[in-house]
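With compact mmCIF, C-alpha atoms and all ligand atoms inside, this is start.txt:
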# COMPACT_ATOMS: atom_id res chain seq x y z
CA MET A 1 2.25 -35.23 -93.99
CA ARG A 2 2.43 -38.00 -96.54
CA THR A 3 4.94 -39.78 -94.38
CA LEU A 4 2.66 -39.50 -91.36
CA ARG A 5 -0.30 -40.87 -93.29
CA ARG A 6 1.86 -43.74 -94.46
CA LEU A 7 2.92 -44.38 -90.88
CA PHE A 8 -0.66 -44.58 -89.59
CA GLY A 9 -1.99 -46.31 -92.70
CA THR A 10 0.44 -49.14 -93.17
CA VAL A 11 3.45 -49.28 -90.90
CA LEU A 12 1.74 -48.97 -87.50
CA PRO A 13 -0.99 -51.55 -88.08
CA PHE A 14 1.65 -53.92 -89.34
CA MET A 15 3.82 -53.33 -86.31
CA PHE A 16 0.83 -53.78 -84.02
CA LEU A 17 -0.04 -57.09 -85.66
CA ALA A 18 3.55 -58.28 -85.43
CA MET A 19 3.69 -57.36 -81.73
CA LEU A 20 0.41 -59.17 -81.10
CA LEU A 21 1.62 -62.29 -82.85
CA THR A 22 5.00 -62.42 -81.15
CA GLY A 23 3.29 -61.68 -77.83
CA CYS A 24 0.96 -64.66 -78.25
CA ARG A 25 3.76 -66.88 -79.41
CA LYS A 26 5.87 -65.78 -76.48
CA ASN A 27 3.11 -66.73 -74.05
CA GLN A 28 2.85 -70.18 -75.53
CA LEU A 29 6.59 -70.62 -75.58
CA ASP A 30 7.04 -69.30 -72.07
CA ASN A 31 5.01 -72.17 -70.71
CA CYS A 32 6.59 -75.25 -72.22
CA ASP A 33 9.69 -74.13 -73.97
CA LEU A 34 12.99 -74.63 -72.21
CA GLN A 35 14.50 -71.31 -73.18
CA THR A 36 13.00 -69.54 -70.21
CA PRO A 37 14.15 -71.35 -67.07
CA LEU A 38 11.53 -72.78 -64.76
CA PHE A 39 13.06 -71.02 -61.77
CA SER A 40 12.65 -67.61 -63.38
CA PHE A 41 8.87 -67.96 -62.97
CA SER A 42 9.10 -68.41 -59.25
CA SER A 43 9.62 -66.10 -56.28
CA PHE A 44 11.21 -68.96 -54.26
CA PRO A 45 14.03 -71.36 -55.28
CA ILE A 46 13.10 -74.33 -57.45
CA GLY A 47 15.30 -77.29 -56.64
CA VAL A 48 16.00 -80.75 -57.96
CA ALA A 49 17.55 -83.92 -56.58
CA VAL A 50 20.72 -84.48 -58.57
CA ASP A 51 22.27 -87.84 -59.33
CA ASP A 52 26.02 -87.46 -59.48
CA LEU A 53 26.66 -90.08 -62.20
CA LEU A 54 23.98 -88.72 -64.52
CA LEU A 55 25.28 -85.22 -63.92
CA GLN A 56 28.69 -86.29 -65.19
CA ASN A 57 27.66 -88.63 -67.99
CA ASP A 58 24.39 -87.43 -69.46
CA SER A 59 24.76 -84.07 -71.17
CA MET A 60 21.03 -83.44 -71.59
CA TYR A 61 20.45 -84.24 -67.91
CA GLN A 62 23.21 -81.83 -66.96
CA HIS A 63 21.89 -79.14 -69.28
CA ILE A 64 18.36 -79.28 -67.88
CA CYS A 65 19.62 -79.42 -64.33
CA VAL A 66 21.73 -76.28 -64.56
CA THR A 67 19.39 -74.26 -66.77
CA GLN A 68 15.96 -75.00 -65.27
CA PHE A 69 16.64 -75.20 -61.54
CA ASN A 70 18.42 -72.93 -59.11
CA ARG A 71 18.90 -75.31 -56.19
CA ALA A 72 20.23 -78.87 -56.02
CA SER A 73 19.92 -81.60 -53.41
CA PRO A 74 22.46 -84.39 -53.82
CA GLU A 75 20.20 -87.42 -54.36
CA ASN A 76 22.58 -89.93 -52.77
CA LEU A 77 26.13 -88.59 -52.75
CA PHE A 78 26.04 -87.00 -49.29
CA LYS A 79 24.38 -89.91 -47.54
CA PRO A 80 26.69 -91.60 -45.01
CA ALA A 81 27.24 -94.75 -47.12
CA PHE A 82 28.73 -92.65 -49.90
CA ILE A 83 30.45 -89.84 -48.09
CA GLN A 84 32.02 -91.81 -45.21
CA PRO A 85 32.22 -95.37 -46.59
CA GLU A 86 34.90 -96.35 -44.06
CA GLU A 87 35.29 -94.97 -40.58
CA ASN A 88 37.01 -91.59 -40.85
CA LEU A 89 37.61 -92.04 -44.56
CA PHE A 90 35.61 -89.38 -46.35
CA ASN A 91 34.98 -89.47 -50.07
CA TRP A 92 35.68 -85.79 -50.66
CA ILE A 93 36.81 -86.10 -54.26
CA GLU A 94 33.32 -86.67 -55.56
CA SER A 95 31.47 -84.39 -53.18
CA ASP A 96 33.93 -81.53 -53.80
CA ARG A 97 33.55 -81.89 -57.54
CA PHE A 98 29.77 -81.99 -57.24
CA VAL A 99 29.66 -78.84 -55.13
CA GLU A 100 32.19 -76.91 -57.22
CA PHE A 101 30.43 -77.75 -60.46
CA LEU A 102 26.97 -76.75 -59.31
CA GLN A 103 28.28 -73.62 -57.66
CA SER A 104 30.01 -72.64 -60.89
CA LYS A 105 26.51 -72.74 -62.42
CA GLN A 106 25.17 -70.42 -59.72
CA MET A 107 23.05 -73.12 -58.11
CA ARG A 108 22.46 -73.25 -54.37
CA ILE A 109 23.07 -76.61 -52.74
CA HIS A 110 20.86 -78.10 -50.06
CA GLY A 111 22.68 -80.76 -48.06
CA HIS A 112 20.87 -84.10 -47.84
CA THR A 113 21.21 -85.85 -45.39
CA LEU A 114 23.30 -86.22 -42.22
CA VAL A 115 21.34 -88.60 -40.00
CA TRP A 116 19.04 -91.31 -41.37
CA HIS A 117 18.24 -94.97 -40.78
CA GLN A 118 18.95 -95.92 -44.40
CA GLN A 119 21.97 -95.81 -46.69
CA ASN A 120 24.48 -96.02 -43.89
CA PRO A 121 27.83 -97.79 -44.31
CA ALA A 122 28.20 -101.22 -42.70
CA TRP A 123 30.85 -99.97 -40.28
CA MET A 124 28.41 -97.42 -38.84
CA ASP A 125 25.70 -99.99 -38.43
CA GLN A 126 28.08 -102.30 -36.61
CA PHE A 127 29.89 -99.60 -34.66
CA GLN A 128 31.03 -100.77 -31.22
CA GLY A 129 30.93 -98.25 -28.45
CA ASP A 130 29.04 -96.93 -25.47
CA ARG A 131 26.80 -93.88 -25.65
CA THR A 132 29.74 -91.48 -25.56
CA GLY A 133 31.45 -93.42 -28.33
CA TRP A 134 28.35 -93.27 -30.52
CA GLU A 135 27.93 -89.58 -29.81
CA SER A 136 31.47 -88.73 -30.81
CA MET A 137 31.14 -90.85 -33.96
CA LEU A 138 28.01 -88.94 -35.00
CA ARG A 139 29.52 -85.59 -33.98
CA ASN A 140 32.57 -86.28 -36.09
CA HIS A 141 30.42 -87.21 -39.11
CA ILE A 142 28.46 -83.97 -38.82
CA TYR A 143 31.43 -81.71 -38.02
CA GLN A 144 33.48 -83.02 -40.91
CA ILE A 145 30.82 -82.66 -43.58
CA VAL A 146 29.06 -79.50 -42.48
CA GLY A 147 32.41 -77.90 -41.61
CA ARG A 148 34.01 -78.71 -44.96
CA TYR A 149 31.15 -77.10 -46.88
CA ARG A 150 30.74 -74.21 -44.49
CA SER A 151 30.90 -71.62 -47.22
CA SER A 152 29.14 -73.54 -49.99
CA ILE A 153 26.25 -75.46 -48.41
CA LEU A 154 24.06 -73.14 -46.43
CA SER A 155 21.18 -75.46 -45.62
CA TRP A 156 21.01 -79.06 -44.41
CA ASP A 157 18.56 -81.87 -43.80
CA VAL A 158 20.10 -82.69 -40.45
CA VAL A 159 17.79 -85.56 -39.49
CA ASN A 160 15.67 -87.52 -41.95
CA GLU A 161 12.61 -89.68 -41.27
CA ALA A 162 13.00 -90.13 -37.50
CA PHE A 163 9.26 -90.43 -36.86
CA MET A 164 6.76 -93.22 -37.47
CA GLU A 165 3.23 -92.83 -38.83
CA ASP A 166 1.75 -92.97 -35.30
CA GLY A 167 3.91 -90.08 -34.14
CA SER A 168 6.41 -92.15 -32.15
CA LEU A 169 10.15 -92.06 -32.68
CA ARG A 170 11.50 -94.60 -35.16
CA GLN A 171 13.52 -97.41 -33.62
CA ASN A 172 16.80 -96.86 -35.43
CA PHE A 173 20.35 -97.45 -34.28
CA TRP A 174 20.79 -93.82 -33.29
CA LEU A 175 17.85 -94.02 -30.91
CA GLN A 176 19.05 -97.37 -29.64
CA HIS A 177 22.62 -96.23 -28.85
CA ILE A 178 22.26 -92.54 -28.01
CA GLY A 179 18.62 -92.25 -26.96
CA PRO A 180 16.06 -89.65 -28.14
CA THR A 181 18.50 -86.80 -27.59
CA TYR A 182 20.38 -87.86 -30.74
CA ILE A 183 18.07 -85.53 -32.65
CA GLU A 184 18.73 -82.34 -30.71
CA LYS A 185 22.42 -83.20 -30.49
CA ALA A 186 22.63 -83.57 -34.26
CA PHE A 187 21.12 -80.11 -34.69
CA ARG A 188 23.45 -78.55 -32.13
CA TRP A 189 26.52 -80.11 -33.75
CA ALA A 190 25.44 -79.03 -37.22
CA HIS A 191 24.97 -75.51 -35.90
CA GLU A 192 28.39 -75.54 -34.23
CA ALA A 193 29.96 -76.67 -37.50
CA ASN A 194 28.24 -73.91 -39.45
CA PRO A 195 26.27 -71.30 -37.49
CA GLU A 196 25.13 -69.71 -40.75
CA ALA A 197 23.39 -72.80 -42.14
CA LYS A 198 19.62 -73.25 -42.09
CA LEU A 199 18.85 -76.56 -40.44
CA PHE A 200 15.91 -78.79 -41.35
CA TYR A 201 14.10 -81.85 -40.14
CA ASN A 202 12.85 -83.78 -43.20
CA ASP A 203 10.17 -86.47 -43.43
CA TYR A 204 7.50 -88.04 -45.63
CA GLY A 205 3.75 -88.30 -45.06
CA MET A 206 3.52 -85.13 -42.97
CA GLU A 207 1.40 -83.51 -45.68
CA THR A 208 -1.30 -86.15 -45.41
CA ASN A 209 -0.99 -87.66 -41.92
CA PRO A 210 -2.01 -85.20 -39.19
CA THR A 211 -0.89 -87.51 -36.37
CA LYS A 212 2.65 -87.63 -37.66
CA ARG A 213 2.66 -83.94 -38.56
CA ASN A 214 1.44 -82.81 -35.15
CA ALA A 215 3.95 -85.02 -33.37
CA VAL A 216 6.79 -83.58 -35.45
CA ILE A 217 5.63 -79.98 -35.03
CA GLN A 218 5.26 -80.43 -31.26
CA PHE A 219 8.60 -82.16 -30.90
CA PHE A 220 10.55 -79.49 -32.76
CA SER A 221 8.63 -76.59 -31.24
CA ASN A 222 9.64 -77.93 -27.82
CA LEU A 223 13.25 -78.32 -28.91
CA ARG A 224 13.26 -74.78 -30.22
CA LEU A 225 11.96 -73.51 -26.89
CA LYS A 226 14.97 -75.24 -25.31
CA GLY A 227 17.24 -73.31 -27.66
CA VAL A 228 17.94 -76.08 -30.17
CA PRO A 229 18.81 -74.48 -33.52
CA ILE A 230 16.13 -75.79 -35.89
CA ASP A 231 15.02 -73.52 -38.71
CA GLY A 232 12.62 -75.49 -40.79
CA LEU A 233 10.70 -78.57 -41.76
CA GLY A 234 11.00 -80.44 -45.02
CA LEU A 235 7.78 -82.03 -46.21
CA GLN A 236 8.93 -84.54 -48.77
CA MET A 237 5.61 -84.53 -50.65
CA HIS A 238 5.79 -87.88 -52.40
CA VAL A 239 2.13 -87.81 -53.40
CA ASP A 240 -0.10 -89.31 -56.08
CA ILE A 241 -2.95 -88.11 -58.28
CA HIS A 242 -5.49 -90.26 -56.43
CA PHE A 243 -5.05 -88.24 -53.28
CA THR A 244 -7.51 -85.46 -54.01
CA ASP A 245 -7.97 -83.83 -50.62
CA MET A 246 -6.12 -80.67 -51.49
CA ILE A 247 -7.62 -78.86 -48.50
CA MET A 248 -5.75 -81.33 -46.29
CA ILE A 249 -2.47 -80.47 -47.98
CA GLU A 250 -3.14 -76.75 -47.75
CA LYS A 251 -3.92 -77.14 -44.05
CA ALA A 252 -0.67 -79.02 -43.50
CA LEU A 253 1.38 -76.25 -45.07
CA GLN A 254 -0.45 -73.62 -43.05
CA GLU A 255 0.10 -75.48 -39.80
CA VAL A 256 3.84 -75.67 -40.36
CA ALA A 257 3.92 -71.97 -41.20
CA ALA A 258 1.78 -71.08 -38.18
CA HIS A 259 4.57 -72.54 -36.04
CA HIS A 260 7.10 -70.31 -37.80
CA PHE A 261 9.18 -73.02 -39.38
CA LEU A 262 10.71 -72.45 -42.78
CA LEU A 263 8.90 -74.79 -45.12
CA HIS A 264 10.67 -76.82 -47.78
CA LEU A 265 8.63 -79.05 -50.09
CA SER A 266 11.73 -81.12 -50.32
CA GLU A 267 11.26 -84.20 -52.52
CA VAL A 268 8.20 -83.53 -54.65
CA ASP A 269 6.98 -86.12 -57.10
CA ILE A 270 3.41 -86.98 -58.12
CA SER A 271 2.85 -90.63 -58.87
CA LEU A 272 0.34 -91.66 -61.55
CA ASN A 273 0.43 -95.35 -60.72
CA PRO A 274 0.79 -95.64 -56.94
CA LEU A 275 -0.50 -99.20 -56.76
CA GLY A 276 1.90 -100.44 -59.41
CA LYS A 277 -0.78 -101.88 -61.69
CA ASP A 278 -0.48 -102.54 -65.41
CA TYR A 279 -0.55 -99.00 -66.58
CA THR A 280 -0.83 -97.02 -69.79
CA LEU A 281 0.08 -93.39 -69.67
CA ASN A 282 -2.81 -91.14 -70.70
CA ASN A 283 -3.56 -87.44 -71.11
CA LYS A 284 -6.10 -87.30 -68.32
CA ASP A 285 -3.58 -88.46 -65.74
CA LEU A 286 -0.98 -86.04 -67.06
CA LYS A 287 -3.49 -83.23 -66.72
CA ASP A 288 -4.48 -84.33 -63.21
CA GLN A 289 -0.81 -84.35 -62.29
CA ALA A 290 -0.36 -80.83 -63.63
CA ASP A 291 -3.49 -79.60 -61.85
CA MET A 292 -2.40 -81.15 -58.58
CA MET A 293 1.00 -79.47 -58.80
CA TYR A 294 -0.70 -76.20 -59.52
CA ARG A 295 -2.86 -76.55 -56.40
CA ILE A 296 0.14 -77.48 -54.27
CA CYS A 297 2.00 -74.41 -55.50
CA LYS A 298 -0.99 -72.18 -54.87
CA SER A 299 -1.21 -73.43 -51.30
CA TYR A 300 2.52 -73.02 -50.86
CA LYS A 301 2.37 -69.47 -52.13
CA SER A 302 -0.37 -68.64 -49.65
CA ILE A 303 1.97 -69.07 -46.67
CA GLN A 304 4.11 -66.18 -45.45
CA PRO A 305 6.70 -65.46 -48.19
CA ASN A 306 9.62 -65.39 -45.77
CA LEU A 307 8.87 -69.00 -44.78
CA GLN A 308 8.87 -70.22 -48.40
CA PHE A 309 12.25 -71.92 -48.50
CA GLY A 310 11.51 -73.51 -51.86
CA ILE A 311 10.16 -76.47 -53.75
CA THR A 312 12.49 -79.29 -54.75
CA PHE A 313 11.58 -82.05 -57.21
CA TRP A 314 12.99 -85.50 -56.59
CA GLY A 315 14.59 -85.91 -59.99
CA ILE A 316 14.42 -84.58 -63.53
CA SER A 317 13.08 -87.25 -65.87
CA ASP A 318 10.58 -90.05 -65.24
CA GLN A 319 13.14 -92.50 -66.50
CA HIS A 320 15.43 -91.87 -63.55
CA SER A 321 12.85 -91.40 -60.82
CA TRP A 322 13.64 -93.33 -57.64
CA ILE A 323 10.04 -94.61 -57.73
CA ARG A 324 10.76 -96.83 -60.72
CA SER A 325 13.81 -98.46 -59.23
CA TYR A 326 12.95 -98.42 -55.53
CA PHE A 327 9.35 -99.63 -55.81
CA ASN A 328 9.91 -101.46 -59.07
CA ARG A 329 6.86 -100.06 -60.82
CA LEU A 330 6.17 -98.15 -64.00
CA ASP A 331 5.43 -94.57 -63.10
CA TYR A 332 5.69 -91.03 -64.44
CA PRO A 333 6.05 -88.76 -61.39
CA LEU A 334 8.36 -85.97 -62.60
CA LEU A 335 8.49 -82.89 -64.85
CA PHE A 336 10.21 -84.40 -67.91
CA ASP A 337 9.56 -87.55 -69.91
CA GLU A 338 12.14 -90.17 -70.89
CA ASN A 339 13.41 -87.96 -73.71
CA TYR A 340 13.60 -84.85 -71.55
CA VAL A 341 10.52 -83.39 -73.19
CA PRO A 342 8.68 -81.20 -70.66
CA LYS A 343 5.36 -82.65 -69.53
CA PRO A 344 2.13 -80.72 -68.78
CA ILE A 345 3.18 -80.47 -65.12
CA TYR A 346 6.26 -78.49 -66.18
CA CYS A 347 4.24 -76.12 -68.37
CA GLN A 348 1.62 -75.67 -65.67
CA LEU A 349 4.25 -74.80 -63.08
CA LYS A 350 5.21 -71.82 -65.17
CA LYS A 351 1.74 -70.41 -64.68
CA ILE A 352 1.97 -70.08 -60.91
C1 LIG A 401 16.24 -92.23 -52.53
C2 LIG A 401 17.06 -92.04 -53.80
O1 LIG A 401 16.33 -91.25 -54.69
C3 LIG A 401 17.35 -93.39 -54.41
O2 LIG A 401 18.23 -93.26 -55.52
C4 LIG A 401 17.98 -94.32 -53.36
O3 LIG A 401 18.13 -95.61 -53.91
C5 LIG A 401 17.13 -94.40 -52.12
O4 LIG A 401 16.89 -93.08 -51.63
N1 LIG A 401 13.31 -90.15 -48.94
C6 LIG A 401 14.54 -89.55 -48.90
C7 LIG A 401 15.48 -89.69 -50.02
O5 LIG A 401 14.78 -88.79 -47.95
O6 LIG A 401 16.82 -89.65 -49.60
C8 LIG A 401 15.23 -90.96 -50.78
O7 LIG A 401 16.07 -90.97 -51.92
C9 LIG A 401 13.77 -91.05 -51.18
C10 LIG A 401 12.90 -91.07 -49.97
If you took the structure in this file and wrote it as structure tokens, what would it be?
Amino acid sequence: MRTLRRLFGTVLPFMFLAMLLTGCRKNQLDNCDLQTPLFSFSSFPIGVAVDDLLLQNDSMYQHICVTQFNRASPENLFKPAFIQPEENLFNWIESDRFVEFLQSKQMRIHGHTLVWHQQNPAWMDQFQGDRTGWESMLRNHIYQIVGRYRSSILSWDVVNEAFMEDGSLRQNFWLQHIGPTYIEKAFRWAHEANPEAKLFYNDYGMETNPTKRNAVIQFFSNLRLKGVPIDGLGLQMHVDIHFTDMIMIEKALQEVAAHHFLLHLSEVDISLNPLGKDYTLNNKDLKDQADMMYRICKSYKSIQPNLQFGITFWGISDQHSWIRSYFNRLDYPLLFDENYVPKPIYCQLKKI
């Protein structure tokens, strides 16, 4: 009896208080602390673009990459200029190492990208041949890469950025030498090389430009009717905090889903300084960035779950974002700051 009274009088209230305190602390920690991986909060894969050199040489980068994310897109390594720098000379040493390492960490790999108008080797650009010659050159590129990683890379951006803002096809050397059928051919060859792989068309601006989006959706719906193996669309989602029409973004995601394409938000970053002005980082912009990401995720989660292929961020830390080097402007578009400290956008993501 005395023991029972003691239990109710002192031990239980103490235990209750302790549970309450650790519970609260856990909630706080769960949001920003790195011990619980970001991907564990999500029902779909959370990916990141991975730079091969940083992965090898920066231990903190590597640690965050393999602990927070469960999918990786090679940021540059699989682009033609790197993977086939000379005709028929493939740079497998680096790509094999990349794939084996990330696989050993249980990460999925999303192949990026087979056909694009940028980052091609000079020999490809200057290739001499008639239409058949160009076709077999492209077929070989696709067969070799997709075939080699048949068991390890189960999804691919087959064609990247083939459309213009007005919905017309981009004038690139593939269009010039093969004609518009280069797109469907690329998908068929990728499928032949790995019938199991999910195949994507990937582009920017589709989330905010209805003309481009509709053209792309129509084009690939027609191809699919013809039996071309296309599984999904990648909306790159390079956006900025000054674009506030979230209804427009939600509508874009719903339209893609209504046409039964898998949907990959494939290169997400949210710029704070899109015009490249003199800029001082401030809490309001960080909060707007976090809120915008939250809204994007909410919209994404409202589409049919089986079409949610995943969300991939285009980099880990602001310091290494392509926006800084490519556009030469100071910006803070990603989830981690220069010292790999998680930003509000990271913490907010864990609340989805
Ligand atoms: C970018 C890389 O992040 C940069 O390192 C590189 O210098 C240029 O390409 N759309 C794409 C990506 O599909 O492949 C691009 O990646 C960013 C825009």
Find the residues of chain A that sit at most 9 Å from ligand LIG 401 (chain A); for each, write down the nearest two atoms and how far apart they are in Å, to one decimal. Count all atoms listed in the file. Sort by chain, then by number going up, and give it as a tab-separated table.
residue	atom	partner	partner_atom	distance
A:Ala49	CA	A:LIG401	O1	7.7
A:Val50	CA	A:LIG401	O1	9.0
A:Asp51	CA	A:LIG401	O2	7.8
A:Pro74	CA	A:LIG401	O6	8.8
A:Glu75	CA	A:LIG401	O1	5.5
A:Asn76	CA	A:LIG401	C2	6.0
A:Lys79	CA	A:LIG401	O6	7.8
A:His112	CA	A:LIG401	O6	7.1
A:Thr113	CA	A:LIG401	O6	7.2
A:Trp116	CA	A:LIG401	O5	8.2
A:Gln118	CA	A:LIG401	O4	8.0
A:Gln119	CA	A:LIG401	C5	7.4
A:Asp157	CA	A:LIG401	O5	8.9
A:Asn160	CA	A:LIG401	O5	6.2
A:Glu161	CA	A:LIG401	O5	7.1
A:Asn202	CA	A:LIG401	O5	7.2
A:Asp203	CA	A:LIG401	O5	6.9
A:Tyr204	CA	A:LIG401	N1	7.0
A:Gln236	CA	A:LIG401	N1	7.1
A:His238	CA	A:LIG401	C10	8.2
A:Ser266	CA	A:LIG401	O5	8.6
A:Glu267	CA	A:LIG401	N1	7.2
A:Trp314	CA	A:LIG401	O1	6.9
A:Gly315	CA	A:LIG401	O1	7.7
A:His320	CA	A:LIG401	O2	8.6
A:Ser321	CA	A:LIG401	O1	7.1
A:Trp322	CA	A:LIG401	O1	4.5
A:Ile323	CA	A:LIG401	O1	7.8
A:Ser325	CA	A:LIG401	O3	7.4
A:Tyr326	CA	A:LIG401	O3	6.1
Report task. Neighbourhood query: residues within 12 Å of (8.3, -78.1, -69.9), file coordinates, counting all atoms listed in the file; return as a ChimeraX atom specification. Result -> /A:28-39,64,68,290,316-317,334-337,339-351
Requested in this report: May I ask which of the residues A:Ile352, A:Met60, A:Met237, A:Ile311 is the closest one to Gly47 in chain A, counting all atoms listed in the file?
Outcome: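 Closest to Gly47 in chain A, using all atoms listed in the file: A:Ile311.
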Report task. For CA of Asn140 in chain A and CA of Arg71 in chain A, quote the distance in Å rounded to one decimal. Result ->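 Separating CA of Asn140 in chain A from CA of Arg71 in chain A is a distance of 26.7 Å.
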With a distance cut-off of 12 Å and only C-alpha atoms, select the neighbouring residues of Gly234 in chain A, excluding the residue or stretch itself and same-chain residues fewer than 2 positions from it, and output the selection as an mmCIF file with C-alpha atoms, in the coordinates of the input.
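Wrote part00.cif, looks like this:
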data_model
loop_
_atom_site.group_PDB
_atom_site.id
_atom_site.type_symbol
_atom_site.label_atom_id
_atom_site.label_comp_id
_atom_site.auth_asym_id
_atom_site.auth_seq_id
_atom_site.Cartn_x
_atom_site.Cartn_y
_atom_site.Cartn_z
ATOM 1 C CA HIS A 110 20.860 -78.100 -50.060
ATOM 2 C CA HIS A 112 20.870 -84.100 -47.840
ATOM 3 C CA THR A 113 21.210 -85.850 -45.390
ATOM 4 C CA SER A 155 21.180 -75.460 -45.620
ATOM 5 C CA TRP A 156 21.010 -79.060 -44.410
ATOM 6 C CA ASP A 157 18.560 -81.870 -43.800
ATOM 7 C CA VAL A 158 20.100 -82.690 -40.450
ATOM 8 C CA VAL A 159 17.790 -85.560 -39.490
ATOM 9 C CA ASN A 160 15.670 -87.520 -41.950
ATOM 10 C CA GLU A 161 12.610 -89.680 -41.270
ATOM 11 C CA LYS A 198 19.620 -73.250 -42.090
ATOM 12 C CA LEU A 199 18.850 -76.560 -40.440
ATOM 13 C CA PHE A 200 15.910 -78.790 -41.350
ATOM 14 C CA TYR A 201 14.100 -81.850 -40.140
ATOM 15 C CA ASN A 202 12.850 -83.780 -43.200
ATOM 16 C CA ASP A 203 10.170 -86.470 -43.430
ATOM 17 C CA TYR A 204 7.500 -88.040 -45.630
ATOM 18 C CA GLY A 205 3.750 -88.300 -45.060
ATOM 19 C CA MET A 206 3.520 -85.130 -42.970
ATOM 20 C CA GLU A 207 1.400 -83.510 -45.680
ATOM 21 C CA ARG A 213 2.660 -83.940 -38.560
ATOM 22 C CA VAL A 216 6.790 -83.580 -35.450
ATOM 23 C CA ILE A 217 5.630 -79.980 -35.030
ATOM 24 C CA ILE A 230 16.130 -75.790 -35.890
ATOM 25 C CA ASP A 231 15.020 -73.520 -38.710
ATOM 26 C CA GLY A 232 12.620 -75.490 -40.790
ATOM 27 C CA GLN A 236 8.930 -84.540 -48.770
ATOM 28 C CA MET A 237 5.610 -84.530 -50.650
ATOM 29 C CA HIS A 238 5.790 -87.880 -52.400
ATOM 30 C CA ALA A 252 -0.670 -79.020 -43.500
ATOM 31 C CA LEU A 253 1.380 -76.250 -45.070
ATOM 32 C CA VAL A 256 3.840 -75.670 -40.360
ATOM 33 C CA ALA A 257 3.920 -71.970 -41.200
ATOM 34 C CA PHE A 261 9.180 -73.020 -39.380
ATOM 35 C CA LEU A 262 10.710 -72.450 -42.780
ATOM 36 C CA LEU A 263 8.900 -74.790 -45.120
ATOM 37 C CA HIS A 264 10.670 -76.820 -47.780
ATOM 38 C CA LEU A 265 8.630 -79.050 -50.090
ATOM 39 C CA SER A 266 11.730 -81.120 -50.320
ATOM 40 C CA GLU A 267 11.260 -84.200 -52.520
ATOM 41 C CA VAL A 268 8.200 -83.530 -54.650
ATOM 42 C CA LEU A 307 8.870 -69.000 -44.780
ATOM 43 C CA GLN A 308 8.870 -70.220 -48.400
ATOM 44 C CA PHE A 309 12.250 -71.920 -48.500
ATOM 45 C CA GLY A 310 11.510 -73.510 -51.860
ATOM 46 C CA ILE A 311 10.160 -76.470 -53.750
ATOM 47 C CA THR A 312 12.490 -79.290 -54.750
#
**Report entry** Point-to-point distance in Å for CA of Asp331 in chain A and CA of Asn283 in chain A
**Finding:**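 Going from CA of Asn283 in chain A over to CA of Asp331 in chain A covers 14.0 Å.
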Query - Using all atoms listed in the file: which of A:Thr211, A:Arg188, A:Met248, A:Ser299 has the shortest distance to Val228 in chain A - result: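 Between A:Thr211, A:Arg188, A:Met248, A:Ser299, the residue approaching Val228 in chain A most closely is A:Arg188.
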Query raised in the report: So what do you get for CA of Gly147 in chain A versus CA of Ala72 in chain A, distance-wise?
Result: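 Distance between the two atoms: 18.9 Å.
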Could you pull range 126-137 of chain A out of the structure just shown and give N, CA and C atoms as a tab-separated table (two decimals), in the first residue's frame?
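Contents of decode_24.tsv, freshly written:
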chain	number	residue	atom	x	y	z
A	126	GLN	N	30.26	18.52	-83.27
A	126	GLN	CA	30.82	18.62	-84.63
A	126	GLN	C	30.68	17.31	-85.41
A	127	PHE	N	29.90	16.40	-84.90
A	127	PHE	CA	29.77	15.08	-85.52
A	127	PHE	C	29.37	15.21	-87.00
A	128	GLN	N	30.05	14.44	-87.84
A	128	GLN	CA	29.74	14.46	-89.27
A	128	GLN	C	28.96	13.20	-89.60
A	129	GLY	N	27.83	13.36	-90.22
A	129	GLY	CA	27.08	12.17	-90.60
A	129	GLY	C	25.71	12.56	-91.11
A	130	ASP	N	25.09	11.65	-91.84
A	130	ASP	CA	23.72	11.91	-92.28
A	130	ASP	C	22.77	11.52	-91.14
A	131	ARG	N	21.49	11.56	-91.42
A	131	ARG	CA	20.52	11.29	-90.36
A	131	ARG	C	20.75	9.92	-89.70
A	132	THR	N	21.02	8.92	-90.53
A	132	THR	CA	21.24	7.58	-89.97
A	132	THR	C	22.47	7.57	-89.07
A	133	GLY	N	23.50	8.29	-89.51
A	133	GLY	CA	24.72	8.37	-88.70
A	133	GLY	C	24.46	9.02	-87.35
A	134	TRP	N	23.72	10.11	-87.36
A	134	TRP	CA	23.38	10.80	-86.10
A	134	TRP	C	22.53	9.89	-85.21
A	135	GLU	N	21.60	9.19	-85.85
A	135	GLU	CA	20.73	8.31	-85.05
A	135	GLU	C	21.55	7.22	-84.38
A	136	SER	N	22.48	6.63	-85.14
A	136	SER	CA	23.21	5.53	-84.49
A	136	SER	C	24.18	6.07	-83.44
A	137	MET	N	24.66	7.29	-83.62
A	137	MET	CA	25.50	7.89	-82.58
A	137	MET	C	24.70	8.10	-81.28
